[in-house]
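Here the structure is laid out as structure tokens; the discussion comes afterwards.
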Amino acid sequence: MNIKPLSDKVVIRLTEAEETTKSGIILTAAAKEKPQIAEVIAVGPGAYDKNGVLIPMTVKVGDKVLTSKYSGSEVKLGSEEYIIVGLNDILAIVE
């Protein structure tokens, strides 16, 4: 089953949260923060402006992106978990 986002929506999969701190302290599951770096899985075609001109998407499948905390809608398909966010919820591309 595939997800094909509409308009300016992007399907992302969160990366795993760090399990140890820089100083070597191992974190429990409750202490881990929700990761903000995700991989782009699917991208919509873009949104139209008020004049009917298509505004192209600035991210593509495979990009690593930084998202707003607690943004988007969580979706589970089979055993995979995804988040669908609007392009405005993506803060930056991680290189």
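Here, A, B, ... name the chains of the structure tokens in the order displayed, residue numbers run from 1 inside each chain, and ligands are numbered from 1 in the same displayed order.
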(message) Report as a PyMOL selection string all protein, DNA and RNA residues lying within 8 Å of Val43 (chain A), evaluated on only C-alpha atoms, omitting residues in the same chain fewer than 6 positions from it.
(response) chain A and resi 4-5+8-11+57+59-61
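Note that CA of Val53 (chain A) and CA of Leu87 (chain A) are 16.7 Å apart.
Comparing the minimum interatomic distances between Ala38 (chain A) and each of A:Leu91, A:Pro56, A:Arg13, A:Asn51, counting only C-alpha atoms, we find that A:Arg13 sits nearest.
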